[in-house]
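Inspection log for the structure reproduced underneath, given as structure tokens.
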Amino acid sequence: MIQGIIGRKLGMTLIFRDNGKAEAVTAIEAGPCPVIQVKTVAKEGYNAVQLGFSEAKRLNSPQRGHLKGLEQFKYLKEFRVDDSEAIEVGEKVDVSLFKAGDLVDITGVSKGKGFAGVVKRHHFAGGPKTHGQSDRHRHPGSIGATTSPGRVLKGMRMAGHMGNRRVTVRHLEVFEADPARNLLLVRGAVPGGRNGLLLIKKSGREK
């Protein structure tokens, strides 16, 4: 059985539960995603399905050949399955895969923030603001040891490019799944900005 779907982030909103509690939810346009290719252990060495999402305006020749006889899709993403024998090309996956209360893992690309210092990137406190320190307010401080090891260790938290990375947020609760509108409401925030591509998979953990 296919355990995931491709979606697009629409934005966030506020909704109320039956008990009156307000919840921040993310609205996602999810599917329908036709099966483009079925991969098997015998041929590819593992079981997986390739799903398509979002209509493409133009494709190159290899892409058209790969999608021959199917619609043209902008995005093709792969999901692992336990058994691919019963899955056929052209079969569609929609948000009926989920129901309210399910837990999902959502993967996307986080918003890019450009080059950022340690205060913004790693939440450093910065240097002292008094006692003659007039130019060290947002500096990282010492980044190395002395003679031993005599170098800056790998992984040292320093200034650099922030965001624009693949991020997975796990165990988010599905608030509502509406197959008629291809709409999925998920409690909390998901990676990326509006219109960002998302991969939504059923979580391995039960609620």
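By convention in this document, the chains of the structure tokens carry letters A, B, ... by their order, each chain's residues are numbered from 1, and ligands are numbered from 1 in the order they are shown.
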
Could you name the residues that touch Lys201 (chain A) at 7 Å or less, counting only C-alpha atoms, but leaving out those on the same chain fewer than 4 positions away, as a tab-separated table (two decimals) with N, CA and C atoms, in the first residue's frame?
```tsv
chain	number	residue	atom	x	y	z
A	3	GLN	N	2.00	4.78	1.06
A	3	GLN	CA	1.88	5.46	2.34
A	3	GLN	C	2.12	6.96	2.27
A	4	GLY	N	2.26	7.51	1.06
A	4	GLY	CA	2.57	8.94	0.96
A	4	GLY	C	1.95	9.60	-0.25
A	5	ILE	N	2.07	10.94	-0.28
A	5	ILE	CA	1.49	11.72	-1.37
A	5	ILE	C	2.30	13.01	-1.51
A	104	VAL	N	1.42	12.32	10.58
A	104	VAL	CA	2.15	12.31	9.32
A	104	VAL	C	3.53	12.96	9.51
A	105	ASP	N	4.46	12.56	8.64
A	105	ASP	CA	5.78	13.19	8.55
A	105	ASP	C	5.80	13.99	7.26
A	106	ILE	N	6.17	15.27	7.34
A	106	ILE	CA	6.14	16.14	6.16
A	106	ILE	C	7.54	16.67	5.88
```

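The residue set within 7 Å of Lys39 (chain A), counting only C-alpha atoms and dropping same-chain residues fewer than 2 places from it, reads Gln37, Glu44, Tyr46, Asn47, Ala48 and Val49 of chain A.
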
Just the residues within 12 Å of Ile200 (chain A), please, counting only C-alpha atoms, with nothing from its chain fewer than 4 positions along; format it as a ChimeraX atom specification. /A:2-9,28-31,33,77-79,93-95,97-98,102-108,168-174,184-186,190-191

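Minimum atom-to-atom distance to Lys202 (chain A), evaluated using only C-alpha atoms, belongs to A:Met1 out of A:Leu10, A:Val119, A:Ala159, A:Met1.
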
Shell of 10 Å around region 64-69 of chain A, only C-alpha atoms, local chain residues under 6 positions omitted, as a PyMOL selection string: chain A and resi 36-37+52+58+90

Pick from A:Val38, A:Leu51, A:Met158, A:Ala145, whichever lies nearest to Leu199 (chain A) using only C-alpha atoms: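 For Leu199 (chain A), the nearest of the candidates is A:Leu51.
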
Long-range neighbours of Val25 (chain A) as an MDAnalysis selection string, 6 Å cut-off, only C-alpha atoms, 5 positions minimum in chain: chainID A and resid 12:13 186:188

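Taking region 39-190 of chain A and asking which residues DSSP calls alpha helix (DSSP H) on the backbone, you get Ser61, Pro62, Gln63, Arg64, Gly65, His66, Val118, Val119, Lys120, Arg121 and His122 of chain A.
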
I need the strand (DSSP E) residues of region 34-194 of chain A per DSSP on the backbone, written as a PyMOL selection string. chain A and resi 34-39+48-55+73-80+92-93+103-109+114-116+160-162+166-178+183-187

Out of A:Gly117, A:Leu76, A:Asp83, A:Leu197, which residue has the shortest atom-to-atom distance to Ala56 (chain A) when counting only C-alpha atoms?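 Checking each candidate against Ala56 (chain A), we get A:Leu76 as the closest.
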
So that I can check the surroundings of Glu55 (chain A), please list as a PyMOL selection string every protein, DNA and RNA residue that reaches within 6 Å of it, counting only C-alpha atoms and ignoring chain neighbours fewer than 3 positions away. chain A and resi 72-74

Keeping only C-alpha atoms, take the residues you just selected and write them out as a PDB file, in the first residue's frame.
```pdb
ATOM      1  CA  GLN A  72       2.516  15.757 -18.149  1.00  0.00           C
ATOM      2  CA  PHE A  73       3.708  16.383 -14.600  1.00  0.00           C
ATOM      3  CA  LYS A  74       6.132  18.951 -13.245  1.00  0.00           C
TER       4      LYS A  74
END
```
